[in-house]
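Below is work.txt, holding compact mmCIF, C-alpha atoms (C1' of nucleotides).
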# COMPACT_ATOMS: atom_id res chain seq x y z
CA MET A 1 -95.80 -96.36 110.70
CA LYS A 2 -95.24 -94.51 107.46
CA LYS A 3 -94.34 -97.57 105.47
CA LYS A 4 -94.04 -97.13 101.74
CA LEU A 5 -96.43 -99.14 99.65
CA SER A 6 -94.89 -102.22 98.19
CA GLU A 7 -95.96 -100.92 94.82
CA GLU A 8 -93.83 -97.84 95.29
CA LEU A 9 -90.85 -100.02 96.18
CA GLN A 10 -91.38 -102.00 93.02
CA ASN A 11 -91.10 -98.75 91.09
CA ILE A 12 -87.71 -98.04 92.62
CA LYS A 13 -86.65 -101.54 91.65
CA LYS A 14 -87.61 -100.75 88.07
CA LYS A 15 -85.60 -97.54 88.01
CA ILE A 16 -82.26 -99.03 89.04
CA PRO A 17 -80.05 -100.87 86.54
CA LYS A 18 -81.04 -104.47 86.04
CA ASP A 19 -79.45 -107.19 88.17
CA GLU A 20 -77.04 -108.35 85.50
CA THR A 21 -75.71 -104.83 84.98
CA ILE A 22 -75.25 -104.28 88.69
CA TYR A 23 -73.46 -107.60 88.93
CA ASP A 24 -71.11 -106.68 86.08
CA LEU A 25 -70.49 -103.30 87.64
CA ALA A 26 -69.50 -104.88 90.94
CA GLU A 27 -67.24 -107.32 89.10
CA LEU A 28 -65.51 -104.40 87.42
CA PHE A 29 -64.94 -102.52 90.65
CA LYS A 30 -63.71 -105.70 92.29
CA ILE A 31 -60.82 -105.62 89.86
CA PHE A 32 -59.88 -102.11 90.93
CA GLY A 33 -60.26 -103.20 94.54
CA ASP A 34 -56.76 -104.56 94.96
CA SER A 35 -53.79 -102.28 95.47
CA THR A 36 -51.43 -104.44 93.45
CA ARG A 37 -53.73 -104.11 90.47
CA THR A 38 -54.36 -100.39 90.86
CA LYS A 39 -50.64 -99.89 91.12
CA ILE A 40 -50.07 -101.85 87.92
CA LEU A 41 -52.70 -99.75 86.17
CA SER A 42 -51.09 -96.56 87.45
CA CYS A 43 -47.72 -97.65 86.09
CA LEU A 44 -49.13 -98.61 82.73
CA SER A 45 -50.89 -95.27 82.47
CA ILE A 46 -47.42 -93.71 82.31
CA THR A 47 -45.74 -96.13 79.93
CA LYS A 48 -45.75 -99.63 78.51
CA LEU A 49 -43.84 -102.10 80.66
CA ASN A 50 -42.91 -105.75 80.61
CA VAL A 51 -43.47 -108.15 83.50
CA SER A 52 -39.97 -107.93 84.96
CA GLU A 53 -40.09 -104.17 85.00
CA LEU A 54 -43.45 -104.17 86.71
CA ALA A 55 -42.16 -106.69 89.23
CA GLU A 56 -39.21 -104.45 89.98
CA ILE A 57 -41.31 -101.31 90.40
CA LEU A 58 -43.83 -103.08 92.59
CA ASP A 59 -41.11 -104.95 94.46
CA MET A 60 -42.90 -108.26 94.00
CA ASN A 61 -41.90 -111.53 92.40
CA MET A 62 -42.81 -112.04 88.77
CA SER A 63 -45.23 -114.83 89.47
CA ALA A 64 -47.42 -112.68 91.70
CA VAL A 65 -47.41 -109.91 89.13
CA SER A 66 -48.18 -112.30 86.32
CA HIS A 67 -51.21 -113.64 88.17
CA GLN A 68 -52.58 -110.13 88.55
CA LEU A 69 -51.82 -109.29 84.93
CA ARG A 70 -53.90 -112.28 83.94
CA ILE A 71 -56.88 -110.91 85.83
CA LEU A 72 -56.47 -107.46 84.31
CA ARG A 73 -56.10 -109.01 80.87
CA ALA A 74 -59.21 -111.14 81.31
CA ALA A 75 -61.13 -107.99 82.21
CA LYS A 76 -59.81 -106.33 79.05
CA LEU A 77 -58.31 -103.49 81.03
CA ILE A 78 -54.80 -104.17 79.74
CA LYS A 79 -53.34 -105.98 76.79
CA GLY A 80 -50.04 -107.83 76.40
CA GLU A 81 -47.99 -107.71 73.25
CA LYS A 82 -45.36 -110.34 72.73
CA ALA A 83 -41.93 -109.02 71.76
CA GLY A 84 -39.45 -111.84 71.65
CA LYS A 85 -39.11 -113.35 75.06
CA GLU A 86 -40.83 -110.43 76.70
CA VAL A 87 -44.47 -109.49 76.92
CA ILE A 88 -45.10 -105.78 76.97
CA TYR A 89 -48.22 -104.66 78.71
CA SER A 90 -50.24 -101.51 78.15
CA LEU A 91 -53.67 -100.17 78.98
CA ASP A 92 -56.42 -101.47 76.74
CA ASP A 93 -59.20 -99.09 77.65
CA ASN A 94 -59.53 -95.37 77.91
CA HIS A 95 -62.05 -95.69 80.72
CA VAL A 96 -59.46 -97.16 83.04
CA MET A 97 -57.82 -93.90 83.97
CA LEU A 98 -61.14 -92.10 84.04
CA ILE A 99 -62.44 -94.51 86.66
CA MET A 100 -59.22 -94.26 88.67
CA GLU A 101 -59.37 -90.48 88.62
CA CYS A 102 -63.01 -90.55 89.69
CA GLY A 103 -61.95 -92.52 92.73
CA LEU A 104 -58.93 -90.35 93.37
CA SER A 105 -60.95 -87.15 93.37
CA HIS A 106 -63.19 -88.72 95.98
CA ILE A 107 -60.22 -89.56 98.18
CA ASP A 108 -58.67 -86.12 97.84
CA GLU A 109 -61.76 -84.50 99.26
CA ARG A 110 -61.56 -85.81 102.76
CA MET B 1 -32.09 -107.28 75.86
CA LYS B 2 -33.52 -103.78 75.84
CA LYS B 3 -33.97 -103.62 79.59
CA LYS B 4 -34.91 -100.27 81.00
CA LEU B 5 -32.43 -98.76 83.40
CA SER B 6 -33.40 -99.19 86.98
CA GLU B 7 -33.15 -95.42 87.28
CA GLU B 8 -35.85 -95.01 84.67
CA LEU B 9 -38.07 -97.43 86.58
CA GLN B 10 -37.56 -95.39 89.72
CA ASN B 11 -38.84 -92.37 87.82
CA ILE B 12 -42.04 -94.18 86.98
CA LYS B 13 -42.41 -95.07 90.63
CA LYS B 14 -42.16 -91.39 91.46
CA LYS B 15 -44.84 -90.44 88.98
CA ILE B 16 -47.57 -92.72 90.28
CA PRO B 17 -49.64 -91.85 93.35
CA LYS B 18 -47.94 -92.74 96.60
CA ASP B 19 -48.53 -96.12 98.19
CA GLU B 20 -50.97 -94.85 100.78
CA THR B 21 -53.13 -93.18 98.15
CA ILE B 22 -53.17 -96.29 96.00
CA TYR B 23 -54.10 -98.35 99.02
CA ASP B 24 -56.97 -95.99 99.88
CA LEU B 25 -58.13 -96.04 96.29
CA ALA B 26 -58.25 -99.82 96.26
CA GLU B 27 -60.13 -99.79 99.56
CA LEU B 28 -62.70 -97.45 98.04
CA PHE B 29 -63.23 -99.61 94.97
CA LYS B 30 -63.46 -102.69 97.15
CA ILE B 31 -66.59 -101.18 98.62
CA PHE B 32 -68.14 -100.82 95.19
CA GLY B 33 -67.03 -104.35 94.41
CA ASP B 34 -70.03 -106.11 95.87
CA SER B 35 -73.35 -106.24 94.07
CA THR B 36 -75.41 -105.95 97.24
CA ARG B 37 -73.69 -102.68 98.01
CA THR B 38 -73.87 -101.28 94.49
CA LYS B 39 -77.54 -102.14 94.47
CA ILE B 40 -78.09 -100.32 97.76
CA LEU B 41 -76.29 -97.29 96.36
CA SER B 42 -78.39 -97.41 93.21
CA CYS B 43 -81.59 -97.46 95.26
CA LEU B 44 -80.46 -94.60 97.47
CA SER B 45 -79.59 -92.55 94.41
CA ILE B 46 -83.30 -92.53 93.63
CA THR B 47 -84.71 -91.87 97.07
CA LYS B 48 -84.08 -92.12 100.79
CA LEU B 49 -85.06 -95.50 102.22
CA ASN B 50 -85.12 -97.24 105.55
CA VAL B 51 -83.63 -100.65 106.24
CA SER B 52 -86.85 -102.64 105.86
CA GLU B 53 -87.59 -101.04 102.52
CA LEU B 54 -84.10 -101.77 101.25
CA ALA B 55 -84.41 -105.34 102.47
CA GLU B 56 -87.66 -105.73 100.58
CA ILE B 57 -86.31 -104.26 97.34
CA LEU B 58 -83.15 -106.37 97.51
CA ASP B 59 -85.08 -109.41 98.67
CA MET B 60 -82.69 -110.03 101.52
CA ASN B 61 -83.10 -110.23 105.28
CA MET B 62 -82.60 -107.07 107.30
CA SER B 63 -79.51 -108.34 109.03
CA ALA B 64 -77.60 -108.86 105.81
CA VAL B 65 -78.63 -105.42 104.58
CA SER B 66 -77.71 -103.82 107.89
CA HIS B 67 -74.24 -105.33 107.76
CA GLN B 68 -73.66 -103.83 104.34
CA LEU B 69 -75.10 -100.49 105.40
CA ARG B 70 -72.55 -100.42 108.17
CA ILE B 71 -69.73 -100.81 105.68
CA LEU B 72 -71.13 -98.09 103.43
CA ARG B 73 -71.63 -95.82 106.43
CA ALA B 74 -68.07 -96.42 107.65
CA ALA B 75 -66.82 -95.41 104.21
CA LYS B 76 -68.90 -92.23 104.42
CA LEU B 77 -70.74 -93.10 101.24
CA ILE B 78 -74.14 -93.06 102.92
CA LYS B 79 -75.56 -91.61 106.08
CA GLY B 80 -78.36 -92.83 108.34
CA GLU B 81 -80.82 -90.51 110.00
CA LYS B 82 -82.83 -91.79 112.89
CA ALA B 83 -86.58 -91.18 112.67
CA GLY B 84 -88.39 -92.86 115.51
CA LYS B 85 -87.88 -96.57 115.29
CA GLU B 86 -86.64 -96.32 111.74
CA VAL B 87 -83.30 -95.30 110.31
CA ILE B 88 -83.53 -93.57 106.98
CA TYR B 89 -80.53 -93.90 104.75
CA SER B 90 -79.39 -91.59 101.97
CA LEU B 91 -76.26 -90.95 99.94
CA ASP B 92 -73.63 -88.91 101.73
CA ASP B 93 -71.35 -88.06 98.85
CA ASN B 94 -71.87 -86.61 95.43
CA HIS B 95 -68.97 -88.63 94.05
CA VAL B 96 -70.79 -91.88 94.62
CA MET B 97 -72.98 -91.68 91.57
CA LEU B 98 -70.19 -90.20 89.50
CA ILE B 99 -68.03 -93.23 90.21
CA MET B 100 -70.91 -95.61 89.50
CA GLU B 101 -71.63 -93.91 86.20
CA CYS B 102 -67.97 -94.05 85.25
CA GLY B 103 -68.11 -97.79 85.69
CA LEU B 104 -71.43 -98.12 83.92
CA SER B 105 -70.20 -96.27 80.85
CA HIS B 106 -67.33 -98.73 80.69
CA ILE B 107 -69.71 -101.69 80.81
CA ASP B 108 -72.01 -100.25 78.18
CA GLU B 109 -69.21 -100.09 75.67
CA ARG B 110 -68.65 -103.79 75.15
C1' DT C 1 -29.22 -129.20 70.44
C1' DG C 2 -28.77 -127.39 75.01
C1' DA C 3 -28.56 -123.61 78.27
C1' DA C 4 -30.46 -119.32 79.77
C1' DT C 5 -34.00 -115.97 80.14
C1' DA C 6 -38.92 -114.27 80.38
C1' DT C 7 -43.31 -115.39 81.40
C1' DA C 8 -47.28 -118.26 82.62
C1' DT C 9 -49.73 -121.57 85.35
C1' DG C 10 -51.52 -124.96 88.94
C1' DA C 11 -51.84 -126.25 93.60
C1' DA C 12 -51.51 -125.09 98.41
C1' DG C 13 -52.07 -122.23 102.34
C1' DA C 14 -53.24 -118.13 104.89
C1' DC C 15 -56.32 -114.68 104.87
C1' DT C 16 -60.53 -112.04 103.92
C1' DT C 17 -65.38 -111.50 102.95
C1' DG C 18 -70.61 -112.06 102.82
C1' DT C 19 -74.54 -114.21 104.65
C1' DT C 20 -77.09 -116.50 108.28
C1' DC C 21 -78.63 -117.12 112.84
C1' DA C 22 -79.44 -115.77 117.39
C1' DA C 23 -79.22 -112.39 120.68
C1' DC C 24 -79.30 -107.61 121.80
C1' DT C 25 -80.76 -102.42 122.00
C1' DA C 26 -84.02 -98.83 121.27
C1' DT C 27 -88.33 -96.76 120.27
C1' DG C 28 -93.34 -96.27 120.29
C1' DA C 29 -98.19 -98.16 121.18
C1' DG C 30 -101.55 -99.73 124.26
C1' DC D 1 -94.86 -101.50 132.32
C1' DT D 2 -95.13 -104.76 128.59
C1' DC D 3 -95.28 -106.00 123.99
C1' DA D 4 -94.23 -105.48 119.19
C1' DT D 5 -91.41 -103.50 115.74
C1' DA D 6 -87.01 -101.67 113.59
C1' DG D 7 -82.51 -102.03 113.53
C1' DT D 8 -77.77 -103.52 115.02
C1' DT D 9 -74.24 -106.67 116.31
C1' DG D 10 -71.18 -110.84 117.09
C1' DA D 11 -70.01 -115.52 116.06
C1' DA D 12 -69.73 -119.09 112.78
C1' DC D 13 -69.31 -120.99 108.37
C1' DA D 14 -68.77 -121.30 103.42
C1' DA D 15 -66.85 -119.23 99.55
C1' DG D 16 -63.56 -116.55 97.46
C1' DT D 17 -58.92 -114.15 97.04
C1' DC D 18 -53.85 -113.28 96.95
C1' DT D 19 -49.30 -114.77 97.31
C1' DT D 20 -45.80 -118.34 97.23
C1' DC D 21 -43.54 -122.21 95.40
C1' DA D 22 -42.56 -125.42 91.99
C1' DT D 23 -43.09 -126.51 87.45
C1' DA D 24 -44.13 -125.73 82.55
C1' DT D 25 -43.82 -123.19 78.13
C1' DA D 26 -41.62 -120.33 74.86
C1' DT D 27 -37.95 -117.81 72.78
C1' DT D 28 -33.23 -116.57 71.95
C1' DC D 29 -28.40 -117.45 71.78
C1' DA D 30 -24.25 -120.14 71.57

Can you give me the file's structure in the form of structure tokens?
Amino acid sequence: MKKKLSEELQNIKKKIPKDETIYDLAELFKIFGDSTRTKILSCLSITKLNVSELAEILDMNMSAVSHQLRILRAAKLIKGEKAGKEVIYSLDDNHVMLIMECGLSHIDER
Amino acid sequence: MKKKLSEELQNIKKKIPKDETIYDLAELFKIFGDSTRTKILSCLSITKLNVSELAEILDMNMSAVSHQLRILRAAKLIKGEKAGKEVIYSLDDNHVMLIMECGLSHIDER
DNA sequence: TGAATATATGAAGACTTGTTCAACTATGAG
DNA sequence: CTCATAGTTGAACAAGTCTTCATATATTCA
């Protein structure tokens, strides 16, 4: 049995990001892990949009969209700007599209 | 009310990736959206490891690890090579670490 | 002020997911 | 062949998630 020494395994443990970082990373990806949200992000990468417009594009009711917007807002991936009765949403982070494109290039290559 | 024409909204719809692609993208990110799995991927980015070794590093029982390995294998992110009684796992895709690092660079900047 | 519009929110329900436990397969050692 | 070890798998359960519905807030307009 060519079992690695426990000491060697401890070294691997030291080389990977620390638990908290890995947890945060998973939390971030979890947000991208819903097609409603990725669709919203895709739309907002093209132009600013208010909730009704997003709801129309996604063909969903406003409430459902609003709930997802809240999650994206909490994660600081988008921001909402109040304009009268409307709230206009836009991307709040230049990494967002980078991460999406990373994923897309993976998908393309299969 | 400065409502965008529905026609204009349809144009946005045309510009974003098609539904199937967005769905696949979300499915991919869903896989990264669990800290056990991101940890496994981190470990395998350093060296090949068998199931027992992963279980020891993660401090989890083998069954739990094996279940997650199955998901990662199904997504073609890792591959398992049988070596006697053991199965040695390694990354199966050069995008994996790219995507992880994309996410990490986002986290670092807050 | 009162009605209408745009958005947000809380609770409920259906659905999904991760871990545990027990049982199973497969390989190698004696 | 039999036993021990490594890994996989299925069922069950708890925990979490997404959408819907009803209601609440906020802003504009008449």

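Residue nearest chain A, chosen from C:DA29, C:DA6, C:DA11, C:DC21 and counting only C-alpha atoms (C1' of nucleotides): C:DA6.
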
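The coordinates place CA of Asp24 in chain A at 16.7 Å from CA of Cys43 in chain B.
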
Which polymer residues have any atom within 9 Å of an atom of Thr38 in chain B, counting only C-alpha atoms (C1' of nucleotides), with same-chain residues fewer than 3 positions away left out, as a short mmCIF file (atom, residue, chain, number, x, y, z; two decimals) with C-alpha atoms, keeping the file's coordinate frame?
data_model
loop_
_atom_site.label_atom_id
_atom_site.label_comp_id
_atom_site.auth_asym_id
_atom_site.auth_seq_id
_atom_site.Cartn_x
_atom_site.Cartn_y
_atom_site.Cartn_z
CA ILE A 22 -75.25 -104.28 88.69
CA TYR A 23 -73.46 -107.60 88.93
CA LEU A 25 -70.49 -103.30 87.64
CA ALA A 26 -69.50 -104.88 90.94
CA ILE B 31 -66.59 -101.18 98.62
CA PHE B 32 -68.14 -100.82 95.19
CA GLY B 33 -67.03 -104.35 94.41
CA ASP B 34 -70.03 -106.11 95.87
CA SER B 35 -73.35 -106.24 94.07
CA LEU B 41 -76.29 -97.29 96.36
CA SER B 42 -78.39 -97.41 93.21
CA CYS B 43 -81.59 -97.46 95.26
CA MET B 100 -70.91 -95.61 89.50
#

Could you list, with a cut-off of 9 Å and counting all atoms listed in the file, the residues of chain A near chain D, each shown with its nearest atom pair and the distance in Å rounded to one decimal, rows sorted by chain and ascending number, as a Markdown table?
| residue | atom | partner | partner_atom | distance |
| --- | --- | --- | --- | --- |
| A:Ser63 | CA | D:DT20 | C1' | 8.5 |
| A:Ala64 | CA | D:DT19 | C1' | 6.3 |
| A:Gly84 | CA | D:DT27 | C1' | 6.3 |
| A:Lys85 | CA | D:DT27 | C1' | 5.1 |
| A:Glu86 | CA | D:DT27 | C1' | 8.8 |

* Hey, can you pull every residue with an atom no more than 12 Å from (-42.6, -108.0, 89.7), using all atoms listed in the file, and send it as a PyMOL selection string? -> (chain A and resi 36-37+39-40+49-69) or (chain B and resi 9) or (chain C and resi 6-7)

Go ahead and align chain A to chain B (same sequence, so just pair every C-alpha in order, least squares) and export the moved chain as a PDB file with C-alpha atoms, in the frame of the given file.
ATOM      1  CA  MET A   1     -32.110-107.373  75.920  1.00  0.00           C
ATOM      2  CA  LYS A   2     -33.527-103.877  75.894  1.00  0.00           C
ATOM      3  CA  LYS A   3     -33.971-103.660  79.621  1.00  0.00           C
ATOM      4  CA  LYS A   4     -34.883-100.282  81.018  1.00  0.00           C
ATOM      5  CA  LEU A   5     -32.413 -98.773  83.414  1.00  0.00           C
ATOM      6  CA  SER A   6     -33.395 -99.174  87.001  1.00  0.00           C
ATOM      7  CA  GLU A   7     -33.134 -95.427  87.288  1.00  0.00           C
ATOM      8  CA  GLU A   8     -35.826 -95.002  84.676  1.00  0.00           C
ATOM      9  CA  LEU A   9     -38.072 -97.399  86.582  1.00  0.00           C
ATOM     10  CA  GLN A  10     -37.550 -95.368  89.712  1.00  0.00           C
ATOM     11  CA  ASN A  11     -38.835 -92.350  87.813  1.00  0.00           C
ATOM     12  CA  ILE A  12     -42.049 -94.159  86.953  1.00  0.00           C
ATOM     13  CA  LYS A  13     -42.404 -95.058  90.611  1.00  0.00           C
ATOM     14  CA  LYS A  14     -42.161 -91.372  91.457  1.00  0.00           C
ATOM     15  CA  LYS A  15     -44.842 -90.401  88.963  1.00  0.00           C
ATOM     16  CA  ILE A  16     -47.573 -92.706  90.251  1.00  0.00           C
ATOM     17  CA  PRO A  17     -49.630 -91.820  93.334  1.00  0.00           C
ATOM     18  CA  LYS A  18     -47.922 -92.704  96.572  1.00  0.00           C
ATOM     19  CA  ASP A  19     -48.532 -96.097  98.177  1.00  0.00           C
ATOM     20  CA  GLU A  20     -50.961 -94.816 100.773  1.00  0.00           C
ATOM     21  CA  THR A  21     -53.122 -93.154  98.128  1.00  0.00           C
ATOM     22  CA  ILE A  22     -53.171 -96.263  95.981  1.00  0.00           C
ATOM     23  CA  TYR A  23     -54.101 -98.310  99.019  1.00  0.00           C
ATOM     24  CA  ASP A  24     -56.975 -95.964  99.874  1.00  0.00           C
ATOM     25  CA  LEU A  25     -58.128 -96.016  96.281  1.00  0.00           C
ATOM     26  CA  ALA A  26     -58.258 -99.804  96.260  1.00  0.00           C
ATOM     27  CA  GLU A  27     -60.133 -99.764  99.566  1.00  0.00           C
ATOM     28  CA  LEU A  28     -62.704 -97.438  98.042  1.00  0.00           C
ATOM     29  CA  PHE A  29     -63.232 -99.582  94.973  1.00  0.00           C
ATOM     30  CA  LYS A  30     -63.458-102.663  97.157  1.00  0.00           C
ATOM     31  CA  ILE A  31     -66.600-101.168  98.626  1.00  0.00           C
ATOM     32  CA  PHE A  32     -68.160-100.810  95.193  1.00  0.00           C
ATOM     33  CA  GLY A  33     -67.039-104.344  94.407  1.00  0.00           C
ATOM     34  CA  ASP A  34     -70.040-106.097  95.889  1.00  0.00           C
ATOM     35  CA  SER A  35     -73.352-106.244  94.076  1.00  0.00           C
ATOM     36  CA  THR A  36     -75.413-105.949  97.235  1.00  0.00           C
ATOM     37  CA  ARG A  37     -73.691-102.677  98.015  1.00  0.00           C
ATOM     38  CA  THR A  38     -73.882-101.275  94.496  1.00  0.00           C
ATOM     39  CA  LYS A  39     -77.543-102.139  94.459  1.00  0.00           C
ATOM     40  CA  ILE A  40     -78.091-100.318  97.743  1.00  0.00           C
ATOM     41  CA  LEU A  41     -76.284 -97.284  96.357  1.00  0.00           C
ATOM     42  CA  SER A  42     -78.387 -97.400  93.199  1.00  0.00           C
ATOM     43  CA  CYS A  43     -81.574 -97.453  95.257  1.00  0.00           C
ATOM     44  CA  LEU A  44     -80.466 -94.608  97.466  1.00  0.00           C
ATOM     45  CA  SER A  45     -79.572 -92.542  94.424  1.00  0.00           C
ATOM     46  CA  ILE A  46     -83.295 -92.527  93.622  1.00  0.00           C
ATOM     47  CA  THR A  47     -84.692 -91.874  97.081  1.00  0.00           C
ATOM     48  CA  LYS A  48     -84.079 -92.135 100.798  1.00  0.00           C
ATOM     49  CA  LEU A  49     -85.051 -95.512 102.220  1.00  0.00           C
ATOM     50  CA  ASN A  50     -85.118 -97.250 105.562  1.00  0.00           C
ATOM     51  CA  VAL A  51     -83.624-100.677 106.231  1.00  0.00           C
ATOM     52  CA  SER A  52     -86.841-102.660 105.848  1.00  0.00           C
ATOM     53  CA  GLU A  53     -87.582-101.052 102.529  1.00  0.00           C
ATOM     54  CA  LEU A  54     -84.106-101.775 101.261  1.00  0.00           C
ATOM     55  CA  ALA A  55     -84.418-105.354 102.467  1.00  0.00           C
ATOM     56  CA  GLU A  56     -87.668-105.723 100.573  1.00  0.00           C
ATOM     57  CA  ILE A  57     -86.306-104.259  97.341  1.00  0.00           C
ATOM     58  CA  LEU A  58     -83.166-106.355  97.512  1.00  0.00           C
ATOM     59  CA  ASP A  59     -85.096-109.415  98.654  1.00  0.00           C
ATOM     60  CA  MET A  60     -82.677-110.026 101.509  1.00  0.00           C
ATOM     61  CA  ASN A  61     -83.115-110.263 105.251  1.00  0.00           C
ATOM     62  CA  MET A  62     -82.630-107.103 107.263  1.00  0.00           C
ATOM     63  CA  SER A  63     -79.561-108.359 109.034  1.00  0.00           C
ATOM     64  CA  ALA A  64     -77.632-108.880 105.810  1.00  0.00           C
ATOM     65  CA  VAL A  65     -78.637-105.448 104.590  1.00  0.00           C
ATOM     66  CA  SER A  66     -77.741-103.844 107.881  1.00  0.00           C
ATOM     67  CA  HIS A  67     -74.256-105.341 107.764  1.00  0.00           C
ATOM     68  CA  GLN A  68     -73.687-103.851 104.329  1.00  0.00           C
ATOM     69  CA  LEU A  69     -75.119-100.502 105.391  1.00  0.00           C
ATOM     70  CA  ARG A  70     -72.569-100.446 108.173  1.00  0.00           C
ATOM     71  CA  ILE A  71     -69.747-100.825 105.677  1.00  0.00           C
ATOM     72  CA  LEU A  72     -71.146 -98.109 103.431  1.00  0.00           C
ATOM     73  CA  ARG A  73     -71.629 -95.855 106.441  1.00  0.00           C
ATOM     74  CA  ALA A  74     -68.083 -96.442 107.661  1.00  0.00           C
ATOM     75  CA  ALA A  75     -66.830 -95.434 104.221  1.00  0.00           C
ATOM     76  CA  LYS A  76     -68.924 -92.264 104.430  1.00  0.00           C
ATOM     77  CA  LEU A  77     -70.743 -93.116 101.236  1.00  0.00           C
ATOM     78  CA  ILE A  78     -74.148 -93.086 102.923  1.00  0.00           C
ATOM     79  CA  LYS A  79     -75.553 -91.622 106.084  1.00  0.00           C
ATOM     80  CA  GLY A  80     -78.362 -92.833 108.344  1.00  0.00           C
ATOM     81  CA  GLU A  81     -80.806 -90.500 109.995  1.00  0.00           C
ATOM     82  CA  LYS A  82     -82.809 -91.779 112.903  1.00  0.00           C
ATOM     83  CA  ALA A  83     -86.551 -91.150 112.683  1.00  0.00           C
ATOM     84  CA  GLY A  84     -88.309 -92.835 115.544  1.00  0.00           C
ATOM     85  CA  LYS A  85     -87.813 -96.540 115.320  1.00  0.00           C
ATOM     86  CA  GLU A  86     -86.596 -96.323 111.764  1.00  0.00           C
ATOM     87  CA  VAL A  87     -83.274 -95.277 110.331  1.00  0.00           C
ATOM     88  CA  ILE A  88     -83.511 -93.582 106.979  1.00  0.00           C
ATOM     89  CA  TYR A  89     -80.519 -93.905 104.752  1.00  0.00           C
ATOM     90  CA  SER A  90     -79.373 -91.600 101.980  1.00  0.00           C
ATOM     91  CA  LEU A  91     -76.260 -90.962  99.942  1.00  0.00           C
ATOM     92  CA  ASP A  92     -73.627 -88.934 101.737  1.00  0.00           C
ATOM     93  CA  ASP A  93     -71.367 -88.069  98.845  1.00  0.00           C
ATOM     94  CA  ASN A  94     -71.865 -86.622  95.428  1.00  0.00           C
ATOM     95  CA  HIS A  95     -68.971 -88.636  94.044  1.00  0.00           C
ATOM     96  CA  VAL A  96     -70.804 -91.888  94.609  1.00  0.00           C
ATOM     97  CA  MET A  97     -73.001 -91.675  91.557  1.00  0.00           C
ATOM     98  CA  LEU A  98     -70.206 -90.202  89.488  1.00  0.00           C
ATOM     99  CA  ILE A  99     -68.034 -93.228  90.188  1.00  0.00           C
ATOM    100  CA  MET A 100     -70.912 -95.614  89.483  1.00  0.00           C
ATOM    101  CA  GLU A 101     -71.641 -93.911  86.184  1.00  0.00           C
ATOM    102  CA  CYS A 102     -67.968 -94.042  85.236  1.00  0.00           C
ATOM    103  CA  GLY A 103     -68.112 -97.786  85.687  1.00  0.00           C
ATOM    104  CA  LEU A 104     -71.429 -98.105  83.916  1.00  0.00           C
ATOM    105  CA  SER A 105     -70.217 -96.267  80.839  1.00  0.00           C
ATOM    106  CA  HIS A 106     -67.334 -98.708  80.679  1.00  0.00           C
ATOM    107  CA  ILE A 107     -69.694-101.671  80.802  1.00  0.00           C
ATOM    108  CA  ASP A 108     -72.023-100.251  78.173  1.00  0.00           C
ATOM    109  CA  GLU A 109     -69.219-100.087  75.663  1.00  0.00           C
ATOM    110  CA  ARG A 110     -68.622-103.752  75.203  1.00  0.00           C
TER     111      ARG A 110
END

* Asked: Which chain C residues are at most 8 Å from chain B (counting all atoms listed in the file), as a PyMOL selection string?
  -> chain C and resi 19+26-28

* Asked: When you draw a straight line from CA of Arg73 in chain B to CA of Glu7 in chain A, how long is it in Å?
  -> 27.4 Å

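Considering only C-alpha atoms, the residue among A:Ile88, A:Asn11, A:Leu104, A:Glu109 positioned nearest to chain B is A:Leu104.
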
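Counting from CA of Leu28 in chain A, the distance to CA of Leu91 in chain A is 15.1 Å.
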
Can you fill out range 40-49 of chain B with N, CA and C atoms and hand it back as a tab-separated table (two decimals), in the frame of the given file?
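Full text of selection_15.tsv as output:
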chain	number	residue	atom	x	y	z
B	40	ILE	N	-77.63	-101.25	96.72
B	40	ILE	CA	-78.09	-100.32	97.76
B	40	ILE	C	-77.82	-98.88	97.31
B	41	LEU	N	-76.63	-98.65	96.80
B	41	LEU	CA	-76.29	-97.29	96.36
B	41	LEU	C	-77.20	-96.84	95.23
B	42	SER	N	-77.48	-97.74	94.31
B	42	SER	CA	-78.39	-97.41	93.21
B	42	SER	C	-79.75	-96.99	93.75
B	43	CYS	N	-80.28	-97.77	94.67
B	43	CYS	CA	-81.59	-97.46	95.26
B	43	CYS	C	-81.57	-96.10	95.93
B	44	LEU	N	-80.53	-95.85	96.71
B	44	LEU	CA	-80.46	-94.60	97.47
B	44	LEU	C	-80.23	-93.39	96.56
B	45	SER	N	-79.77	-93.66	95.34
B	45	SER	CA	-79.59	-92.55	94.41
B	45	SER	C	-80.94	-92.07	93.90
B	46	ILE	N	-81.96	-92.91	94.09
B	46	ILE	CA	-83.30	-92.53	93.63
B	46	ILE	C	-84.09	-91.88	94.74
B	47	THR	N	-83.99	-92.45	95.95
B	47	THR	CA	-84.71	-91.87	97.07
B	47	THR	C	-84.16	-92.37	98.40
B	48	LYS	N	-84.45	-91.65	99.45
B	48	LYS	CA	-84.08	-92.12	100.79
B	48	LYS	C	-84.90	-93.35	101.12
B	49	LEU	N	-84.34	-94.27	101.87
B	49	LEU	CA	-85.06	-95.50	102.22
B	49	LEU	C	-84.63	-95.98	103.59
